[in-house]
Structure formats: structure tokens, C-alpha cells
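For reference, structure35.cif (mmCIF, C-alpha atoms):
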data_target
loop_
_atom_site.label_atom_id
_atom_site.label_comp_id
_atom_site.auth_asym_id
_atom_site.auth_seq_id
_atom_site.Cartn_x
_atom_site.Cartn_y
_atom_site.Cartn_z
CA MET C 1 46.39 -50.47 3.13
CA THR C 2 49.59 -50.14 1.09
CA VAL C 3 48.50 -52.90 -1.29
CA VAL C 4 45.10 -51.23 -1.76
CA VAL C 5 46.77 -47.91 -2.53
CA ILE C 6 49.12 -49.47 -5.08
CA ILE C 7 46.26 -51.27 -6.85
CA CYS C 8 44.18 -48.08 -6.90
CA GLY C 9 47.11 -46.07 -8.23
CA VAL C 10 47.79 -48.52 -11.04
CA LEU C 11 44.10 -48.67 -12.04
CA LEU C 12 43.78 -44.88 -12.04
CA ALA C 13 47.02 -44.38 -13.96
CA VAL C 14 46.06 -46.91 -16.65
CA GLY C 15 42.57 -45.40 -16.97
CA ALA C 16 43.97 -41.88 -17.31
CA ALA C 17 46.56 -43.04 -19.85
CA LEU C 18 43.89 -44.75 -21.99
CA SER C 19 41.68 -41.67 -22.00
CA ILE C 20 44.68 -39.50 -22.89
CA ILE C 21 45.19 -41.79 -25.89
CA ARG C 22 41.57 -41.04 -26.82
CA VAL C 23 42.22 -37.30 -26.39
CA GLU C 24 45.15 -37.60 -28.77
CA LYS C 25 43.26 -39.67 -31.36
CA GLY C 26 40.25 -37.40 -31.54
CA PRO C 27 38.47 -37.66 -34.00
CA SER C 28 36.37 -34.65 -32.96
CA MET C 29 36.64 -31.96 -30.31
CA LEU C 30 33.76 -33.51 -28.33
CA ASP C 31 35.55 -36.85 -28.02
CA ARG C 32 38.52 -34.96 -26.63
CA THR C 33 36.21 -33.20 -24.17
CA ILE C 34 34.96 -36.53 -22.88
CA GLY C 35 38.51 -37.83 -22.56
CA LEU C 36 39.59 -34.74 -20.63
CA ASP C 37 36.54 -35.04 -18.36
CA ILE C 38 37.63 -38.55 -17.46
CA VAL C 39 41.19 -37.36 -16.82
CA VAL C 40 39.90 -34.67 -14.45
CA THR C 41 37.69 -37.19 -12.63
CA THR C 42 40.67 -39.53 -12.33
CA MET C 43 42.71 -36.69 -10.85
CA ILE C 44 39.97 -36.03 -8.29
CA ALA C 45 39.95 -39.72 -7.38
CA ALA C 46 43.75 -39.79 -7.10
CA ILE C 47 43.81 -36.76 -4.80
CA ALA C 48 41.03 -38.29 -2.70
CA ILE C 49 43.01 -41.51 -2.34
CA TYR C 50 46.12 -39.54 -1.41
CA ALA C 51 44.12 -37.70 1.26
CA ALA C 52 42.82 -41.04 2.49
CA ILE C 53 46.26 -42.61 2.98
CA GLN C 54 47.79 -39.56 4.63
CA ARG C 55 44.57 -38.75 6.52
CA ARG C 56 44.93 -35.16 5.35
CA VAL C 57 41.85 -32.99 5.68
CA ASP C 58 43.42 -29.89 4.08
CA VAL C 59 43.39 -31.22 0.51
CA VAL C 60 39.59 -31.53 0.49
CA PRO C 61 39.06 -28.00 -0.97
CA ILE C 62 41.19 -29.05 -3.96
CA LEU C 63 38.52 -31.66 -4.74
CA VAL C 64 35.81 -29.00 -4.76
CA VAL C 65 37.83 -26.75 -7.06
CA LEU C 66 38.74 -29.56 -9.46
CA SER C 67 35.15 -30.72 -9.88
CA MET C 68 34.10 -27.13 -10.70
CA VAL C 69 36.92 -26.58 -13.20
CA GLY C 70 36.21 -29.80 -15.09
CA PHE C 71 32.56 -28.84 -15.51
CA VAL C 72 33.32 -25.37 -16.82
CA GLY C 73 35.83 -26.69 -19.35
CA SER C 74 33.56 -29.31 -20.91
CA VAL C 75 30.56 -26.96 -21.11
CA THR C 76 32.69 -24.27 -22.74
CA ILE C 77 34.01 -26.63 -25.39
CA ALA C 78 30.55 -28.05 -26.10
CA ARG C 79 29.07 -24.58 -26.40
CA PHE C 80 31.72 -22.69 -28.37
CA ALA C 81 34.27 -25.02 -29.93
CA SER C 82 32.25 -28.03 -31.06
CA VAL C 83 31.87 -26.78 -34.62
CA GLU C 84 35.28 -27.00 -36.18
CA PRO C 85 35.94 -24.71 -39.15
CA GLU C 86 36.27 -26.51 -42.46
CA GLY C 87 39.79 -27.77 -43.00
CA GLU C 88 41.01 -26.43 -39.66
CA GLY C 89 43.59 -28.62 -38.02
CA ARG C 90 44.21 -30.63 -41.18
CA VAL C 91 47.86 -31.15 -42.01
CA ARG C 92 48.52 -29.53 -45.39
CA THR C 93 51.01 -30.57 -48.02
CA ARG C 94 53.82 -28.26 -49.01
CA GLU C 95 52.20 -27.47 -52.38
CA GLU C 96 48.98 -26.40 -50.66
CA ILE C 97 50.89 -24.16 -48.27
CA ALA C 98 52.81 -22.61 -51.20
CA ALA C 99 49.55 -22.06 -53.12
CA GLN C 100 47.91 -20.41 -50.09
CA GLU C 101 50.97 -18.23 -49.58
CA ALA C 102 50.98 -17.15 -53.26
CA GLU C 103 47.26 -16.36 -53.04
CA ARG C 104 47.77 -14.25 -49.95
CA ILE C 105 50.72 -12.36 -51.51
CA ALA C 106 48.72 -11.73 -54.70
CA ALA C 107 45.80 -10.37 -52.68
CA GLU C 108 48.12 -8.09 -50.72
CA ASP C 109 49.79 -6.83 -53.92
CA GLU C 110 46.39 -6.12 -55.41
CA ALA C 111 45.32 -4.17 -52.35
CA GLU C 112 48.58 -2.22 -52.41
CA GLU C 113 48.14 -1.44 -56.11
CA ALA C 114 44.56 -0.30 -55.56
CA ARG C 115 45.67 1.93 -52.70
CA ARG C 116 48.44 3.49 -54.80
CA LEU C 117 46.10 4.11 -57.75
CA GLY C 118 43.54 5.66 -55.44
CA ARG C 119 46.14 7.98 -53.96
CA ARG C 120 47.35 9.05 -57.41
CA GLU C 121 43.80 9.79 -58.53
CA SER C 122 43.10 11.91 -55.52
CA ALA C 123 46.41 13.70 -56.04
CA ASP C 124 45.45 14.41 -59.65
CA GLU C 125 42.11 15.81 -58.50
CA ARG C 126 43.82 18.08 -56.05
CA HIS C 127 46.24 19.24 -58.73
CA ASP C 128 43.37 19.94 -61.11
CA GLY C 129 41.69 21.96 -58.44
CA GLU C 130 44.81 24.07 -57.97
CA VAL C 131 45.14 24.77 -61.69
CA ARG C 132 41.62 25.98 -62.06
CA MET Q 133 38.29 -55.81 15.97
CA SER Q 134 37.34 -52.21 16.61
CA TRP Q 135 34.95 -50.16 14.50
CA THR Q 136 37.84 -48.08 13.13
CA THR Q 137 39.29 -51.18 11.48
CA VAL Q 138 35.91 -51.96 9.97
CA ALA Q 139 35.68 -48.41 8.63
CA ASP Q 140 39.18 -48.63 7.16
CA VAL Q 141 38.38 -51.90 5.38
CA ALA Q 142 35.11 -50.50 4.04
CA SER Q 143 36.97 -47.40 2.84
CA ALA Q 144 39.56 -49.56 1.08
CA ILE Q 145 36.82 -51.52 -0.69
CA CYS Q 146 35.05 -48.33 -1.77
CA MET Q 147 38.25 -46.80 -3.13
CA LEU Q 148 39.09 -49.99 -5.02
CA GLY Q 149 35.64 -49.88 -6.61
CA GLY Q 150 36.04 -46.24 -7.59
CA ALA Q 151 39.49 -46.83 -9.07
CA PHE Q 152 38.20 -49.82 -11.02
CA LEU Q 153 35.42 -47.69 -12.47
CA ALA Q 154 37.96 -45.06 -13.56
CA PHE Q 155 39.96 -47.80 -15.26
CA ALA Q 156 36.83 -49.13 -16.96
CA ALA Q 157 36.05 -45.63 -18.21
CA GLY Q 158 39.51 -45.40 -19.74
CA VAL Q 159 39.07 -48.72 -21.54
CA GLY Q 160 35.55 -47.82 -22.67
CA VAL Q 161 36.39 -44.38 -23.95
CA LEU Q 162 39.24 -45.81 -25.99
CA ARG Q 163 37.40 -48.84 -27.39
CA PHE Q 164 33.85 -47.64 -28.05
CA PRO Q 165 32.98 -46.62 -31.61
CA ASP Q 166 31.09 -43.31 -31.42
CA LEU Q 167 30.45 -40.23 -29.33
CA LEU Q 168 27.38 -41.37 -27.39
CA SER Q 169 28.84 -44.71 -26.35
CA ARG Q 170 32.03 -42.97 -25.26
CA MET Q 171 29.92 -40.61 -23.17
CA HIS Q 172 28.22 -43.65 -21.66
CA ALA Q 173 31.60 -45.05 -20.66
CA GLY Q 174 32.81 -41.71 -19.38
CA THR Q 175 29.95 -41.08 -16.99
CA LYS Q 176 30.72 -44.14 -14.85
CA PRO Q 177 33.60 -42.66 -12.83
CA GLN Q 178 32.05 -39.19 -12.98
CA VAL Q 179 29.20 -40.08 -10.66
CA LEU Q 180 29.33 -43.59 -9.19
CA GLY Q 181 33.12 -43.84 -9.16
CA LEU Q 182 33.55 -40.42 -7.60
CA VAL Q 183 30.87 -41.12 -4.99
CA LEU Q 184 32.58 -44.40 -4.08
CA VAL Q 185 36.00 -42.75 -3.74
CA LEU Q 186 34.59 -39.87 -1.70
CA LEU Q 187 32.72 -42.34 0.53
CA GLY Q 188 35.98 -44.18 1.08
CA LEU Q 189 37.72 -40.90 1.92
CA ALA Q 190 34.93 -39.94 4.33
CA LEU Q 191 35.12 -43.32 6.07
CA ARG Q 192 38.86 -42.83 6.47
CA LEU Q 193 38.87 -39.18 7.59
CA ARG Q 194 35.90 -39.54 9.99
CA SER Q 195 35.75 -35.83 10.90
CA GLY Q 196 32.64 -33.69 10.57
CA GLY Q 197 33.77 -30.69 8.51
CA ALA Q 198 35.70 -32.64 5.90
CA VAL Q 199 32.80 -35.03 5.39
CA TRP Q 200 30.45 -32.13 4.67
CA ALA Q 201 32.89 -30.76 2.10
CA LEU Q 202 32.95 -34.20 0.46
CA VAL Q 203 29.16 -34.27 0.37
CA LEU Q 204 29.35 -30.87 -1.32
CA VAL Q 205 31.73 -32.26 -3.98
CA ALA Q 206 29.44 -35.23 -4.66
CA VAL Q 207 26.30 -33.08 -4.88
CA PHE Q 208 28.05 -30.60 -7.14
CA GLN Q 209 29.26 -33.34 -9.43
CA MET Q 210 25.75 -34.85 -9.60
CA LEU Q 211 24.34 -31.44 -10.54
CA THR Q 212 26.93 -30.54 -13.17
CA ALA Q 213 27.61 -33.89 -14.87
CA PRO Q 214 24.11 -34.05 -16.51
CA VAL Q 215 24.45 -30.45 -17.72
CA ALA Q 216 27.83 -31.10 -19.31
CA ALA Q 217 26.62 -34.39 -20.81
CA GLN Q 218 23.51 -32.73 -22.25
CA MET Q 219 25.55 -29.97 -23.86
CA VAL Q 220 28.09 -32.40 -25.31
CA GLY Q 221 25.33 -34.67 -26.60
CA ARG Q 222 23.39 -31.81 -28.18
CA ALA Q 223 26.50 -30.37 -29.84
CA GLY Q 224 27.38 -33.84 -31.09
CA TYR Q 225 23.90 -34.41 -32.52
CA ARG Q 226 23.84 -31.04 -34.25
CA THR Q 227 27.28 -31.43 -35.77
CA GLY Q 228 26.53 -34.94 -37.01
CA LYS Q 229 28.77 -36.96 -34.73
CA VAL Q 230 26.03 -39.36 -33.61
CA ARG Q 231 26.09 -42.50 -35.72
CA GLY Q 232 22.48 -43.37 -36.53
CA ASP Q 233 23.28 -46.94 -37.53
CA LEU Q 234 24.45 -47.76 -33.98
CA LEU Q 235 21.31 -46.46 -32.26
CA VAL Q 236 18.51 -48.82 -31.26
CA VAL Q 237 15.96 -46.03 -30.78
CA ASP Q 238 16.30 -42.49 -32.15
CA GLU Q 239 13.34 -40.55 -30.81
CA LEU Q 240 14.90 -37.12 -31.31
CA THR Q 241 15.20 -37.47 -35.08
CA ALA Q 242 11.62 -38.82 -35.28
CA ASP Q 243 10.34 -35.89 -33.23
CA ILE Q 244 12.20 -33.35 -35.34
CA ASP Q 245 10.83 -34.93 -38.53
CA ARG Q 246 7.27 -34.86 -37.16
CA LEU Q 247 7.62 -31.21 -36.17
CA ALA Q 248 8.97 -30.35 -39.60
CA GLU Q 249 5.99 -32.07 -41.22
CA LYS Q 250 3.59 -30.20 -38.96
CA ASP Q 251 5.19 -26.89 -39.91
CA GLN Q 252 5.06 -27.67 -43.62
CA PRO Q 253 1.37 -26.87 -44.56
CA GLU Q 254 1.34 -23.40 -43.03
#

In C-alpha cells, how does this file's structure come out?
Amino acid sequence: MTVVVIICGVLLAVGAALSIIRVEKGPSMLDRTIGLDIVVTTMIAAIAIYAAIQRRVDVVPILVVLSMVGFVGSVTIARFASVEPEGEGRVRTREEIAAQEAERIAAEDEAEEARRLGRRESADERHDGEVR
Amino acid sequence: MSWTTVADVASAICMLGGAFLAFAAGVGVLRFPDLLSRMHAGTKPQVLGLVLVLLGLALRLRSGGAVWALVLVAVFQMLTAPVAAQMVGRAGYRTGKVRGDLLVVDELTADIDRLAEKDQPE
């Protein structure tokens, strides 16, 4: 029995490690979902084998919970996160980051300027009203 | 040789099979070239591998209540795995992650084209 458990553990660990490599490599969110599904299934199998060696009945509910959680996760990603926004997650160069920063600051300055002008105009109107 | 020994040996064989399928899924998901073939590799331990491991666990535990909970896990997995696979496959098709050059038959694209042609004259 010990030999069987060791072989099973090695097979499960190698399988989980390979699918984690796939999760890291990507290339898309859906590939990562599949990799994570396999990791969850491997965890279920590992817990089942642990329960089998120790003859423990009390870990069986964990199997039920794990199978439910894995399903919910993959469906959620497929439904809501499969379309990645353009350019999201891409590593940018320093120049691109500086350009984006400058653009953002310029936009904020413009908004600030517009706000100040608007306030001055309304103040002028009020002043005119008082004079009349 | 009592029947408990037989059950233990059968359980060991089942668990070895399940663990091997999990290993094969890891290799397949890493080596295969596109989304659909990776899904194909990934479904092996999700249904058959899990059923084998749970059968091994049931043969080892041999008590009524636990075995019913294991049946519940297997049935639940068989119900939810197709749903998850369908959603992943549909999202992959719609976001262009299915490589058409690797497919032998692509009936979905043909159907969509035919429907588009049918809608055209109106």
C-alpha cells in the first residue's frame, strides 16, 4: 500500500506541476481556466487518496465542496473574464508608461482649467447681477 | 485471502489509474497546441480519473454513508464538467482562440455561415 501511495503522489504532483506551468504560460485566460480545473481535480484526487490510506471518512465532505468550487470558478471565468481588454496585461516599456502618465496629467490639467474658467464666469455673472 | 484484501488491491489499482490519468492530463495540457485539444486532455481526470479514484476510496472505506457521499461527488462532477466545458469552448470560439487549421470538421462555422446566408435576402 505504501508503494502505491508513493507512486500515486508522484504522478499527481507531476501532473499538477505541469498544469501550473500551463497556467503560468497562458496564452489566454481560458487556457489558465483549464489548467486550474486540472489542478483542482488533482487536489480532489490527492485528498481522496489521503482518505484512502488513513481510512478517514470525515474528509469526504471536503471532496464535495472542492468539486463544487472548481465548477463555479471555471464557469465564472468563461462567462465574465474570457474577453480580455485590448492591451491589458501587456508589459509596457518605460517610454509608454511616461507617455500615458503625461497624457493623464494633461487631461487632468485641462479639466482643472475648465473648472476654474467656469467658476470665474459664473462669478462674473453673479457680480454683474449685483451691479444691475 | 479474504475479500478485504481483494478490495484493497482493487482500490490500489483504481487509484493508480486515476493518478496516471491526472498525470496524463498535466502532460497533455502542457504539450497540446490549442484550446480545444487542451480541453480534451483536461477532461480525462475530471470524469474518468475522478471516478476511478473515488471508486478506489469507496472500496477502501467500505462504509455506507461515505460511499453515498462519494457517489454524490461523482454525479455532481459528471453534471458540472460538461457545463463548464461548454462555456469555456463557446467563449473560446467567440473570442477566436480555436485554431481552424487544426480542426478536422468544423460544423459550427458551416452552420453559422449557412444561417447568415439564409438571413441575407430578407

Spatial neighbours of C:Asp58, 12 Å, only C-alpha atoms, chain gap at least 3 places, as a list in words: Ile47, Ala48, Tyr50, Ala51, Ala52, Gln54, Arg55, Pro61, Ile62, Leu63 and Val64 of chain C; Leu193, Ser195, Gly197, Ala198, Val199, Ala201 and Leu202 of chain Q

Counting only C-alpha atoms, chain Q residues within 8 Å of chain C, as a count of residues only: 43

Option closest in space to Q:Tyr225, from Q:Ala139, Q:Leu168, Q:Val207, Q:Gln252 [counting only C-alpha atoms]: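 Residue with the minimum atom-to-atom distance to Q:Tyr225: Q:Leu168.
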
Spatial neighbours of Q:Leu235, max dist 12 Å, only C-alpha atoms, sep filter under 2 positions, as an NGL selection string: :Q and (165-169 or 230-233 or 237-241)

Straight-line distance linking atom CA of C:Glu96 with atom CA of C:Glu113, stated in Å to one decimal: 25.6 Å
